[in-house]
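A.B. asks: This is upload_29.cif, which holds mmCIF, C-alpha atoms:
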```
data_data
loop_
_atom_site.label_atom_id
_atom_site.label_comp_id
_atom_site.auth_asym_id
_atom_site.auth_seq_id
_atom_site.Cartn_x
_atom_site.Cartn_y
_atom_site.Cartn_z
CA MET A 1 73.38 113.26 142.23
CA THR A 2 72.80 116.84 143.28
CA ALA A 3 70.79 117.49 140.14
CA MET A 4 68.47 114.68 141.17
CA GLY A 5 67.96 116.30 144.54
CA ILE A 6 69.84 113.52 146.30
CA GLU A 7 72.69 114.85 148.31
CA SER A 8 71.74 114.03 151.83
CA TYR A 9 74.16 111.32 152.74
CA ASP A 10 77.79 110.42 152.39
CA ILE A 11 77.87 107.67 149.79
CA MET A 12 81.25 106.53 151.03
CA SER A 13 79.94 105.69 154.46
CA SER A 14 79.05 102.08 155.04
CA THR A 15 75.51 102.45 156.32
CA MET A 16 72.43 104.62 155.97
CA ASN A 17 70.62 105.93 159.04
CA PHE A 18 66.98 106.99 159.27
CA ASP A 19 67.59 110.68 158.62
CA GLN A 20 69.47 109.86 155.43
CA PHE A 21 66.81 107.38 154.40
CA LYS A 22 64.04 109.93 155.02
CA GLU A 23 65.80 112.67 153.13
CA THR A 24 66.49 110.38 150.19
CA VAL A 25 62.88 109.31 149.84
CA ARG A 26 61.42 112.73 150.64
CA SER A 27 63.58 114.79 148.35
CA ASN A 28 63.26 112.62 145.31
CA SER A 29 62.30 115.68 143.32
CA ALA A 30 63.52 114.28 140.03
CA LEU A 31 60.53 111.98 140.06
CA PHE A 32 57.91 114.58 140.88
CA ARG A 33 58.86 117.51 138.68
CA LYS A 34 56.38 119.29 136.44
CA ARG A 35 56.78 121.44 133.35
CA ASP A 36 54.95 124.78 133.46
CA GLY A 37 52.78 126.11 130.67
CA ARG A 38 51.21 122.76 129.91
CA TYR A 39 47.49 122.24 130.32
CA TYR A 40 45.32 119.17 130.01
CA THR A 41 41.64 118.98 129.23
CA ILE A 42 39.09 116.27 128.50
CA LEU A 43 37.21 116.36 125.21
CA SER A 44 34.01 114.63 124.23
CA LEU A 45 34.18 112.35 121.22
CA VAL A 46 32.61 115.00 118.99
CA GLU A 47 35.05 117.63 120.18
CA ALA A 48 37.95 115.27 119.62
CA GLU A 49 36.75 114.57 116.08
CA HIS A 50 36.66 118.29 115.34
CA LEU A 51 40.11 118.76 116.79
CA ARG A 52 41.40 115.89 114.72
CA SER A 53 40.03 117.54 111.56
CA ILE A 54 41.72 120.79 112.49
CA LEU A 55 44.89 118.85 113.17
CA HIS A 56 44.91 117.59 109.59
CA MET A 57 43.97 120.95 108.11
CA ARG A 58 46.67 122.86 109.96
CA SER A 59 49.54 120.42 109.82
CA ASN A 60 52.96 122.07 109.91
CA ARG A 61 51.42 125.36 110.94
CA SER A 62 50.87 127.19 114.20
CA ALA A 63 48.12 126.05 116.50
CA LEU A 64 46.81 129.61 116.51
CA LEU A 65 46.00 131.84 113.55
CA PRO A 66 48.52 134.67 113.02
CA SER A 67 45.84 137.21 113.99
CA GLU A 68 45.29 135.42 117.27
CA ALA A 69 48.99 135.14 117.94
CA SER A 70 49.45 138.88 117.33
CA LYS A 71 46.80 139.62 119.97
CA GLY A 72 48.99 137.97 122.52
CA LEU A 73 46.95 134.81 122.62
CA GLY A 74 49.93 132.66 121.78
CA ASP A 75 53.02 132.39 119.71
CA SER A 76 54.66 130.13 117.22
CA ILE A 77 55.52 127.48 119.74
CA THR A 78 51.95 126.96 120.95
CA THR A 79 51.26 123.32 120.35
CA VAL A 80 48.40 120.91 120.79
CA LYS A 81 48.48 117.18 121.31
CA LEU A 82 45.52 114.86 121.03
CA TRP A 83 45.69 111.78 123.23
CA SER A 84 43.39 108.81 123.34
CA LEU A 85 42.77 106.98 126.62
CA CYS A 86 43.47 103.26 126.26
CA ASP A 87 43.30 100.42 128.76
CA PHE A 88 46.42 101.24 130.75
CA GLU A 89 48.00 104.22 128.99
CA VAL A 90 47.23 107.07 126.68
CA SER A 91 48.32 106.95 123.08
CA LEU A 92 49.21 109.95 120.98
CA PHE A 93 46.72 110.55 118.15
CA GLY A 94 48.55 113.47 116.68
CA SER A 95 49.93 116.90 117.37
CA PHE A 96 50.18 120.19 115.56
CA GLY A 97 51.33 123.74 115.95
CA GLY A 98 54.65 125.44 116.40
CA GLN A 99 57.46 123.25 115.26
CA SER A 100 56.02 120.10 116.73
CA SER A 101 55.63 118.39 113.40
CA ALA A 102 59.24 119.03 112.50
CA LEU A 103 60.52 116.25 114.69
CA PRO A 104 64.31 116.85 114.67
CA GLY A 105 65.17 119.87 116.72
CA SER A 106 61.59 120.45 117.71
CA GLN A 107 61.05 123.08 120.38
CA MET A 108 58.11 121.12 121.72
CA GLU A 109 59.32 119.72 125.00
CA LEU A 110 58.09 116.41 126.23
CA SER A 111 56.32 116.46 129.56
CA ASN A 112 58.08 115.06 132.59
CA LYS A 113 57.41 111.37 133.11
CA PHE A 114 55.66 112.00 136.42
CA GLN A 115 53.49 114.78 135.01
CA HIS A 116 52.50 112.56 132.12
CA SER A 117 51.73 109.77 134.56
CA VAL A 118 49.56 112.12 136.66
CA MET A 119 47.57 113.03 133.57
CA THR A 120 47.14 109.43 132.52
CA ASN A 121 46.18 108.07 135.92
CA CYS A 122 43.84 110.93 136.85
CA TYR A 123 41.96 110.38 133.62
CA ARG A 124 41.87 106.64 134.21
CA PHE A 125 40.55 107.31 137.73
CA MET A 126 37.84 109.56 136.28
CA ASN A 127 37.12 106.87 133.73
CA SER A 128 36.27 104.43 136.57
CA ASP A 129 39.18 102.11 135.76
CA THR A 130 39.88 99.52 138.44
CA HIS A 131 43.29 98.04 137.62
CA TYR A 132 46.49 99.99 138.23
CA SER A 133 50.15 99.11 138.60
CA ASP A 134 51.96 99.95 141.85
CA PRO A 135 53.67 103.03 140.35
CA SER A 136 50.25 104.26 139.20
CA ILE A 137 48.87 103.76 142.71
CA VAL A 138 51.73 105.87 144.11
CA VAL A 139 50.94 108.64 141.62
CA LEU A 140 47.23 108.59 142.48
CA LEU A 141 47.95 108.63 146.20
CA ARG A 142 50.15 111.68 145.78
CA VAL A 143 47.54 113.48 143.71
CA LEU A 144 44.67 112.61 146.03
CA GLN A 145 46.51 113.09 149.32
CA SER A 146 44.35 116.02 150.42
CA SER A 147 41.11 114.02 150.08
CA THR A 148 39.82 111.71 152.76
CA LEU A 149 39.56 107.99 152.03
CA GLU A 150 35.76 108.21 152.24
CA ASP A 151 35.62 111.13 149.78
CA ARG A 152 37.79 109.30 147.25
CA GLN A 153 35.67 106.19 147.31
CA GLN A 154 32.36 108.07 147.32
CA TRP A 155 33.46 110.20 144.37
CA TRP A 156 34.71 107.24 142.37
CA VAL A 157 31.58 105.17 143.06
CA ASP A 158 29.29 108.12 142.19
CA ILE A 159 31.04 108.64 138.87
CA ARG A 160 30.95 104.93 138.05
CA ALA A 161 27.23 104.82 138.86
CA CYS A 162 26.68 107.20 135.93
CA ARG A 163 28.27 104.72 133.55
CA ARG A 164 27.19 101.45 132.05
CA ARG A 165 29.84 99.55 133.99
CA ASN A 166 29.74 96.55 136.22
CA GLN A 167 28.68 98.08 139.57
CA GLN A 168 30.08 95.29 141.76
CA PRO A 169 31.58 96.31 145.13
CA ILE A 170 35.33 96.95 145.28
CA ASP A 171 37.32 94.60 147.49
CA GLY A 172 40.99 94.07 148.36
CA SER A 173 41.66 92.01 145.24
CA THR A 174 41.13 95.04 143.01
CA PRO A 175 44.11 97.41 142.79
CA ILE A 176 41.93 100.54 142.99
CA SER A 177 41.07 99.50 146.57
CA ASN A 178 44.57 100.67 147.59
CA VAL A 179 43.51 104.22 146.80
CA PHE A 180 40.51 103.86 149.12
CA THR A 181 42.39 102.21 151.98
CA THR A 182 45.78 103.98 151.94
CA HIS A 183 46.15 107.59 153.03
CA ASP A 184 49.25 108.54 151.11
CA GLU A 185 52.37 107.25 149.38
CA PHE A 186 54.19 106.92 152.71
CA SER A 187 51.54 104.60 154.06
CA PHE A 188 51.85 102.67 150.82
CA LEU A 189 55.63 102.49 151.30
CA GLU A 190 55.03 101.08 154.78
CA TYR A 191 52.61 98.51 153.38
CA LYS A 192 55.07 97.49 150.66
CA ALA A 193 57.85 97.27 153.26
CA VAL A 194 55.72 94.90 155.35
CA VAL A 195 54.95 92.73 152.33
CA GLU A 196 58.59 92.67 151.22
CA ARG A 197 59.82 91.86 154.71
CA ILE A 198 57.40 88.92 155.01
CA ARG A 199 58.35 87.63 151.56
CA VAL A 200 62.04 87.79 152.46
CA GLY A 201 61.31 85.94 155.71
CA PHE A 202 59.69 83.08 153.79
CA VAL A 203 62.54 82.93 151.27
CA GLU A 204 65.17 82.88 154.02
CA ARG A 205 63.40 79.89 155.58
CA GLY A 206 63.12 78.10 152.25
CA MET A 207 59.33 78.30 152.17
CA PHE A 208 57.20 78.69 149.10
CA ILE A 209 53.86 80.40 149.44
CA PHE A 210 51.75 77.33 150.11
CA ASP A 211 54.33 75.98 152.58
CA ALA A 212 54.08 79.25 154.49
CA PHE A 213 50.29 79.30 154.47
CA ARG A 214 50.11 75.70 155.67
CA ALA A 215 52.58 76.32 158.48
CA ILE A 216 50.87 79.50 159.65
CA ASN A 217 47.31 78.16 159.37
CA SER A 218 47.83 75.78 162.29
CA SER A 219 44.07 75.35 162.72
CA ASN A 220 44.01 73.74 159.23
CA THR A 221 40.76 75.51 158.44
CA GLY A 222 41.98 76.99 155.15
CA LEU A 223 41.30 80.46 156.53
CA MET A 224 44.08 82.25 158.41
CA SER A 225 43.04 84.13 161.53
CA CYS A 226 44.55 87.36 162.87
CA SER A 227 46.04 85.36 165.76
CA GLU A 228 47.77 83.01 163.33
CA LEU A 229 49.13 85.88 161.27
CA TYR A 230 50.26 87.67 164.42
CA GLY A 231 52.12 84.51 165.51
CA ALA A 232 53.77 84.28 162.09
CA LEU A 233 54.92 87.88 162.21
CA GLU A 234 56.51 87.28 165.59
CA TRP A 235 58.09 84.06 164.28
CA LEU A 236 59.57 86.06 161.40
CA GLY A 237 60.95 88.62 163.87
CA ILE A 238 58.73 91.42 162.63
CA SER A 239 57.55 93.69 165.42
CA PHE A 240 53.82 94.36 165.16
CA VAL A 241 51.07 95.50 167.52
CA PRO A 242 47.56 93.99 167.22
CA GLU A 243 46.12 97.11 165.55
CA GLN A 244 48.69 96.81 162.75
CA VAL A 245 47.74 93.17 162.28
CA TYR A 246 44.09 94.19 161.96
CA ASP A 247 44.95 96.93 159.46
CA LEU A 248 46.94 94.49 157.35
CA VAL A 249 44.19 91.88 157.37
CA ARG A 250 41.49 94.45 156.59
CA LYS A 251 43.56 95.59 153.64
CA ILE A 252 44.11 92.21 152.03
CA ALA A 253 41.22 89.97 153.14
CA VAL A 254 38.39 89.61 150.65
CA GLY A 255 35.23 88.63 152.52
CA ASN A 256 35.49 85.77 155.04
CA GLU A 257 34.83 88.09 157.98
CA GLY A 258 38.40 89.15 158.63
CA LEU A 259 40.07 85.84 157.80
CA LEU A 260 42.66 85.38 155.06
CA SER A 261 42.02 82.80 152.38
CA TYR A 262 44.87 81.17 150.53
CA SER A 263 44.13 83.24 147.43
CA ASP A 264 44.33 86.47 149.49
CA PHE A 265 47.60 85.32 151.01
CA LYS A 266 49.08 84.23 147.71
CA ARG A 267 48.01 87.37 145.87
CA VAL A 268 49.89 89.57 148.30
CA PHE A 269 52.82 87.55 149.63
CA GLN A 270 53.93 85.33 146.78
CA SER A 271 57.29 86.44 145.47
CA PRO A 272 57.17 87.21 141.73
CA GLU A 273 60.30 85.09 141.28
CA ASP A 274 58.75 81.94 142.75
CA GLU A 275 57.94 79.37 140.10
CA PHE A 276 56.34 76.94 142.52
CA GLU A 277 53.85 77.21 145.33
CA SER A 278 55.23 74.40 147.46
CA ARG A 279 58.30 72.23 147.98
CA GLY A 280 55.98 69.25 147.93
CA GLY A 281 55.89 66.51 150.50
CA ASP A 282 53.60 66.29 153.46
CA ALA A 283 52.66 69.00 155.89
CA SER A 284 55.41 68.05 158.31
CA VAL A 285 58.20 69.54 156.16
CA PHE A 286 57.74 72.81 158.03
CA ALA A 287 56.62 72.81 161.62
CA GLN A 288 53.39 74.62 162.36
CA ILE A 289 53.76 78.13 163.73
CA VAL A 290 52.17 78.83 167.09
CA PRO A 291 49.48 81.54 166.91
CA LYS A 292 49.65 84.56 169.16
CA GLU A 293 46.15 84.98 170.53
CA ILE A 294 44.35 88.28 169.96
CA PRO A 295 40.62 88.97 169.49
CA GLU A 296 39.55 88.23 165.94
CA LEU A 297 38.06 90.93 163.71
CA VAL A 298 34.68 89.23 163.65
CA GLU A 299 34.58 89.32 167.45
CA LEU A 300 35.56 92.99 167.50
CA SER A 301 32.80 93.87 165.03
CA LYS A 302 30.25 92.20 167.31
CA ASP A 303 31.40 94.35 170.21
CA VAL A 304 30.78 97.59 168.30
CA MET B 1 31.72 120.87 138.47
CA TYR B 2 31.93 117.75 140.58
CA LEU B 3 34.94 116.67 138.54
CA VAL B 4 36.65 120.02 138.66
CA GLY B 5 36.00 120.55 142.36
CA PHE B 6 37.56 117.26 143.27
CA PHE B 7 40.76 117.60 141.31
CA SER B 8 41.26 121.30 141.85
CA ARG B 9 42.39 120.36 145.34
CA VAL B 10 45.60 119.12 143.82
CA THR B 11 48.13 121.73 144.76
CA ASP B 12 51.62 122.51 143.66
CA ALA B 13 52.82 120.51 146.64
CA VAL B 14 52.11 117.48 144.49
CA PHE B 15 54.88 118.56 142.17
CA ASP B 16 58.26 120.14 142.52
CA GLY B 17 60.42 119.91 145.51
CA LYS B 18 60.29 118.39 148.91
CA LEU B 19 57.17 117.47 150.76
CA GLU B 20 56.74 118.66 154.30
CA LEU B 21 55.89 115.48 156.12
CA THR B 22 53.00 115.29 158.55
CA PRO B 23 53.61 113.41 161.81
CA THR B 24 51.65 110.45 160.42
CA GLN B 25 53.76 110.36 157.26
CA GLU B 26 56.92 110.62 159.33
CA THR B 27 55.72 107.66 161.41
CA SER B 28 55.05 105.63 158.25
CA LEU B 29 58.51 106.41 156.99
CA LEU B 30 60.10 105.46 160.32
CA ARG B 31 58.10 102.25 160.38
CA SER B 32 59.26 101.43 156.85
CA PHE B 33 62.84 102.07 157.87
CA GLN B 34 62.45 99.76 160.87
CA LEU B 35 61.00 97.04 158.64
CA TYR B 36 63.93 97.29 156.26
CA ASP B 37 66.34 97.36 159.21
CA LYS B 38 66.10 93.63 159.82
CA ASN B 39 68.86 93.36 162.40
CA ARG B 40 67.47 96.40 164.24
CA ASP B 41 70.80 98.15 164.62
CA GLY B 42 69.39 101.53 163.57
CA VAL B 43 71.15 101.67 160.21
CA LEU B 44 70.63 99.98 156.85
CA ASP B 45 73.53 97.87 155.68
CA PHE B 46 74.25 96.34 152.28
CA ALA B 47 71.62 93.58 152.37
CA GLU B 48 68.96 95.83 153.83
CA ILE B 49 69.51 98.49 151.21
CA GLN B 50 68.84 95.82 148.61
CA LEU B 51 65.37 95.52 150.10
CA VAL B 52 64.84 99.24 149.69
CA CYS B 53 65.79 98.82 146.04
CA GLU B 54 62.68 96.69 145.71
CA TYR B 55 60.68 99.73 146.76
CA ALA B 56 62.50 101.83 144.18
CA HIS B 57 61.50 99.31 141.55
CA VAL B 58 57.91 99.60 142.74
CA LEU B 59 58.09 103.31 142.09
CA GLU B 60 59.92 102.77 138.81
CA SER B 61 62.07 105.57 140.07
CA MET B 62 65.29 105.51 138.14
CA ALA B 63 66.65 108.18 140.48
CA LEU B 64 66.12 105.99 143.51
CA ILE B 65 67.36 102.82 141.84
CA PHE B 66 70.46 104.67 140.72
CA THR B 67 70.98 106.14 144.16
CA PHE B 68 70.68 102.89 146.03
CA SER B 69 72.66 100.94 143.43
CA PHE B 70 75.39 103.54 143.50
CA TYR B 71 75.32 103.35 147.25
CA GLU B 72 75.83 99.58 147.09
CA PHE B 73 78.76 99.89 144.69
CA SER B 74 80.46 102.34 147.00
CA LEU B 75 80.52 99.92 149.92
#
```
What would the structure in this file look like if it were written as structure tokens?

C.D. replies:
Amino acid sequence: MTAMGIESYDIMSSTMNFDQFKETVRSNSALFRKRDGRYYTILSLVEAEHLRSILHMRSNRSALLPSEASKGLGDSITTVKLWSLCDFEVSLFGSFGGQSSALPGSQMELSNKFQHSVMTNCYRFMNSDTHYSDPSIVVLLRVLQSSTLEDRQQWWVDIRACRRRNQQPIDGSTPISNVFTTHDEFSFLEYKAVVERIRVGFVERGMFIFDAFRAINSSNTGLMSCSELYGALEWLGISFVPEQVYDLVRKIAVGNEGLLSYSDFKRVFQSPEDEFESRGGDASVFAQIVPKEIPELVELSKDV
Amino acid sequence: MYLVGFFSRVTDAVFDGKLELTPTQETSLLRSFQLYDKNRDGVLDFAEIQLVCEYAHVLESMALIFTFSFYEFSL
């Protein structure tokens, strides 16, 4: 436990207070470790082809010529790896130098999982990729924490504009949007806590996702308003202020002028374990939830 | 240069050791704790810690999963 940097609470006690919770999350250094002396660079296709040729020519030998090594430019454990960027990961093309090709007992140390993930996800970000898993989003948020949300989005859009990619606008249904709407991993934790808490609330009340949407959308318009969501949060016993409701809706609503469609709602709040969307039956199975009136986002935008 | 300039802002704070939390980050963490603390008694009990485990799974953090699982077993 100590080796993992987790030593902040008494595991024999029966509860965990905020200070222990904070320390446990904050000091999770085992996840964020790096290995020194390792450098990453991007190669063009031509450069990669040349490197691949060298890789074949120099298999089982040092990455550097003996004359170079003797000048202090490296030593026998200098190694090179050639990775290829795929859809969601990088795959190893080959490696050479040092003892890397002698697999058993090799002195070539593998990079830490987090460091490897930083490399992969930074390159995917540069490559204008749009779809990321939640762990990848956390890694990107940690790497980009010193940049403003506007800078991140502007940079990413500028780079994509140089490519022959679909230039359609990014909305809340695309995972990359989390990087443009969430300041850091702690904000992301808060967002995931909200989502998890709402999901648990539905499960505890025996509601599937469509049951919940139908009960909350008391106006029966098919589009959930901020007032309706606010009422649902209160009904679930989750303490929110209007600004937090607006932030949540802005984050997950795709179009519809600040109203949540069923697909928005389902995409975010459906529990992965749920096989069904509804218990069936008519709308009266679950009573409709009373909205808590607040100005809607579309009204607020008119006031600005 | 555009590429390099952007990513060179990544500092060693990204890796290795504890982060010094800004007030905003501290607030996010407190808010997360309050969301997990369903019965609002100021501490996380067995069932509430299970919720936090969901977050650990999100991170794919074996250290966190182990920690929270171990914590559950000790109750």

A.B. asks: Starting from the displayed file, determine the output of the PyMOL selection byres ((chain A and resi 224) around 10) and express the residue list as number ranges by chain.

C.D. replies: A: 213-214, 216-223, 225-229, 249, 253, 256, 258-262, 264-265

A.B. asks: Which neighbours of B:Tyr36 fall inside 9 Å, counting all atoms listed in the file, when residues of the same chain fewer than 6 positions from it are skipped, and could you give them as a ChimeraX atom specification?

C.D. replies: /A:193-194,196-197 /B:44,48-49,51-52

A.B. asks: If the PyMOL selection byres ((chain B and resi 22-33) around 9) were run on this exact file, what residues would it hold? Put them as a list in words.

C.D. replies: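 With the shown file as input, the PyMOL selection byres ((chain B and resi 22-33) around 9) matches Asn17, Phe18, Phe21, Lys22, Val25, Asp184, Glu185, Phe186, Ser187, Phe188, Leu189, Glu190, Tyr191, Lys192, Ala193 and Val194 of chain A; Glu20, Leu21, Gln34, Leu35, Tyr36, Asp37, Gly42, Val43, Leu44 and Val52 of chain B.
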
A.B. asks: Pull C-alpha atoms from the residues just selected and write them as a tab-separated table (two decimals), in the coordinates of the input.

C.D. replies:
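Output contents, as saved in again21.tsv:
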```
chain	number	residue	atom	x	y	z
A	17	ASN	CA	70.62	105.93	159.04
A	18	PHE	CA	66.98	106.99	159.27
A	21	PHE	CA	66.81	107.38	154.40
A	22	LYS	CA	64.04	109.93	155.02
A	25	VAL	CA	62.88	109.31	149.84
A	184	ASP	CA	49.25	108.54	151.11
A	185	GLU	CA	52.37	107.25	149.38
A	186	PHE	CA	54.19	106.92	152.71
A	187	SER	CA	51.54	104.60	154.06
A	188	PHE	CA	51.85	102.67	150.82
A	189	LEU	CA	55.63	102.49	151.30
A	190	GLU	CA	55.03	101.08	154.78
A	191	TYR	CA	52.61	98.51	153.38
A	192	LYS	CA	55.07	97.49	150.66
A	193	ALA	CA	57.85	97.27	153.26
A	194	VAL	CA	55.72	94.90	155.35
B	20	GLU	CA	56.74	118.66	154.30
B	21	LEU	CA	55.89	115.48	156.12
B	34	GLN	CA	62.45	99.76	160.87
B	35	LEU	CA	61.00	97.04	158.64
B	36	TYR	CA	63.93	97.29	156.26
B	37	ASP	CA	66.34	97.36	159.21
B	42	GLY	CA	69.39	101.53	163.57
B	43	VAL	CA	71.15	101.67	160.21
B	44	LEU	CA	70.63	99.98	156.85
B	52	VAL	CA	64.84	99.24	149.69
```

A.B. asks: Any chance you could resolve the PyMOL selection byres ((chain A and resi 149) around 7) against this file and give the residues as a ChimeraX atom specification?

C.D. replies: /A:147-148,150-153,180-181,183

A.B. asks: Just to confirm, what's the straight-line distance from atom CA of A:Leu55 to atom CA of A:Gly94 in Å (one decimal)?

C.D. replies: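 The value is 7.4 Å.
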
A.B. asks: Distance cut-off 10 Å, centre (48.3, 113.6, 112.7) in file coordinates, counting only C-alpha atoms: which residues qualify? Return them as a compact mmCIF listing (two decimals) with C-alpha atoms, in the frame of the given file.

C.D. replies:
```txt
# COMPACT_ATOMS: atom_id res chain seq x y z
CA ARG A 52 41.40 115.89 114.72
CA SER A 53 40.03 117.54 111.56
CA ILE A 54 41.72 120.79 112.49
CA LEU A 55 44.89 118.85 113.17
CA HIS A 56 44.91 117.59 109.59
CA MET A 57 43.97 120.95 108.11
CA ARG A 58 46.67 122.86 109.96
CA SER A 59 49.54 120.42 109.82
CA LYS A 81 48.48 117.18 121.31
CA LEU A 82 45.52 114.86 121.03
CA LEU A 92 49.21 109.95 120.98
CA PHE A 93 46.72 110.55 118.15
CA GLY A 94 48.55 113.47 116.68
CA SER A 95 49.93 116.90 117.37
CA PHE A 96 50.18 120.19 115.56
CA SER A 101 55.63 118.39 113.40
```

A.B. asks: Could you work out an axis-aligned box for stretch 291-295 of chain A, taking every atom the file lists and adding 6 Å on each side, and report centre and edge lengths in Å to one decimal, as lines of an AutoDock Vina configuration file?

C.D. replies:
```
center_x = 45.1
center_y = 85.3
center_z = 168.7
size_x = 21.0
size_y = 19.4
size_z = 15.6
```

A.B. asks: Fewer than 2 positions away in the same chain doesn't count, so skip those; otherwise give me all residues within 6 Å of stretch 117-133 of chain A, counting all atoms listed in the file, as a PDB file with C-alpha atoms, in the frame of the given file.

C.D. replies:
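Listing of out-v2.pdb after writing:
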```
ATOM      1  CA  PHE A 114      55.660 112.000 136.420  1.00  0.00           C
ATOM      2  CA  GLN A 115      53.490 114.780 135.010  1.00  0.00           C
ATOM      3  CA  PRO A 135      53.670 103.030 140.350  1.00  0.00           C
ATOM      4  CA  SER A 136      50.250 104.260 139.200  1.00  0.00           C
ATOM      5  CA  ARG A 160      30.950 104.930 138.050  1.00  0.00           C
ATOM      6  CA  PRO A 175      44.110  97.410 142.790  1.00  0.00           C
ATOM      7  CA  ILE A 176      41.930 100.540 142.990  1.00  0.00           C
TER       8      ILE A 176
END
```

A.B. asks: Kindly give the distance, in Å, that separates atom CA of A:Ser146 and atom CA of A:Leu43, rounded to a single decimal.

C.D. replies: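 For atom CA of A:Ser146 relative to atom CA of A:Leu43, the distance reads 26.2 Å.
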
A.B. asks: At what distance in Å, to one decimal, does atom CA of A:Phe269 lie from atom CA of A:Ile198?

C.D. replies: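 Straight-line distance from atom CA of A:Ile198 to atom CA of A:Phe269 works out to 7.2 Å.
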
A.B. asks: Quick one: residues within 9 Å of A:Phe286, only C-alpha atoms counted, chain neighbours fewer than 5 positions away excluded, as a VMD selection string?

C.D. replies: chain A and resid 207 211 to 212 214 to 215

A.B. asks: N, CA and C atoms are what I want for stretch 147-163 of chain A; can you complete it accordingly and write them as a PDB file, in the coordinates of the input?

C.D. replies:
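What follows is the written file rebuild_12.pdb:
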```pdb
ATOM      1  N   SER A 147      42.490 114.510 149.940  1.00  0.00           N
ATOM      2  CA  SER A 147      41.110 114.020 150.080  1.00  0.00           C
ATOM      3  C   SER A 147      41.073 112.895 151.109  1.00  0.00           C
ATOM      4  N   THR A 148      39.957 112.805 151.808  1.00  0.00           N
ATOM      5  CA  THR A 148      39.820 111.710 152.760  1.00  0.00           C
ATOM      6  C   THR A 148      39.552 110.408 151.999  1.00  0.00           C
ATOM      7  N   LEU A 149      39.793 109.288 152.669  1.00  0.00           N
ATOM      8  CA  LEU A 149      39.560 107.990 152.030  1.00  0.00           C
ATOM      9  C   LEU A 149      38.088 107.856 151.638  1.00  0.00           C
ATOM     10  N   GLU A 150      37.199 108.326 152.502  1.00  0.00           N
ATOM     11  CA  GLU A 150      35.760 108.210 152.240  1.00  0.00           C
ATOM     12  C   GLU A 150      35.382 109.046 151.018  1.00  0.00           C
ATOM     13  N   ASP A 151      35.923 110.259 150.926  1.00  0.00           N
ATOM     14  CA  ASP A 151      35.620 111.130 149.780  1.00  0.00           C
ATOM     15  C   ASP A 151      36.065 110.496 148.465  1.00  0.00           C
ATOM     16  N   ARG A 152      37.267 109.920 148.482  1.00  0.00           N
ATOM     17  CA  ARG A 152      37.790 109.300 147.250  1.00  0.00           C
ATOM     18  C   ARG A 152      36.852 108.192 146.768  1.00  0.00           C
ATOM     19  N   GLN A 153      36.492 107.327 147.696  1.00  0.00           N
ATOM     20  CA  GLN A 153      35.670 106.190 147.310  1.00  0.00           C
ATOM     21  C   GLN A 153      34.281 106.648 146.883  1.00  0.00           C
ATOM     22  N   GLN A 154      33.706 107.591 147.653  1.00  0.00           N
ATOM     23  CA  GLN A 154      32.360 108.070 147.320  1.00  0.00           C
ATOM     24  C   GLN A 154      32.352 108.701 145.932  1.00  0.00           C
ATOM     25  N   TRP A 155      33.361 109.515 145.663  1.00  0.00           N
ATOM     26  CA  TRP A 155      33.460 110.200 144.370  1.00  0.00           C
ATOM     27  C   TRP A 155      33.575 109.182 143.243  1.00  0.00           C
ATOM     28  N   TRP A 156      34.456 108.233 143.421  1.00  0.00           N
ATOM     29  CA  TRP A 156      34.710 107.240 142.370  1.00  0.00           C
ATOM     30  C   TRP A 156      33.459 106.395 142.119  1.00  0.00           C
ATOM     31  N   VAL A 157      32.793 105.996 143.198  1.00  0.00           N
ATOM     32  CA  VAL A 157      31.580 105.170 143.060  1.00  0.00           C
ATOM     33  C   VAL A 157      30.462 105.984 142.404  1.00  0.00           C
ATOM     34  N   ASP A 158      30.324 107.257 142.794  1.00  0.00           N
ATOM     35  CA  ASP A 158      29.290 108.120 142.190  1.00  0.00           C
ATOM     36  C   ASP A 158      29.505 108.250 140.693  1.00  0.00           C
ATOM     37  N   ILE A 159      30.751 108.469 140.298  1.00  0.00           N
ATOM     38  CA  ILE A 159      31.040 108.640 138.870  1.00  0.00           C
ATOM     39  C   ILE A 159      30.761 107.332 138.120  1.00  0.00           C
ATOM     40  N   ARG A 160      31.175 106.227 138.721  1.00  0.00           N
ATOM     41  CA  ARG A 160      30.950 104.930 138.050  1.00  0.00           C
ATOM     42  C   ARG A 160      29.460 104.635 137.918  1.00  0.00           C
ATOM     43  N   ALA A 161      28.678 105.073 138.895  1.00  0.00           N
ATOM     44  CA  ALA A 161      27.230 104.820 138.860  1.00  0.00           C
ATOM     45  C   ALA A 161      26.569 105.485 137.659  1.00  0.00           C
ATOM     46  N   CYS A 162      27.229 106.510 137.114  1.00  0.00           N
ATOM     47  CA  CYS A 162      26.680 107.200 135.930  1.00  0.00           C
ATOM     48  C   CYS A 162      27.017 106.456 134.648  1.00  0.00           C
ATOM     49  N   ARG A 163      27.818 105.411 134.766  1.00  0.00           N
ATOM     50  CA  ARG A 163      28.270 104.720 133.550  1.00  0.00           C
ATOM     51  C   ARG A 163      27.657 103.337 133.467  1.00  0.00           C
TER      52      ARG A 163
END
```
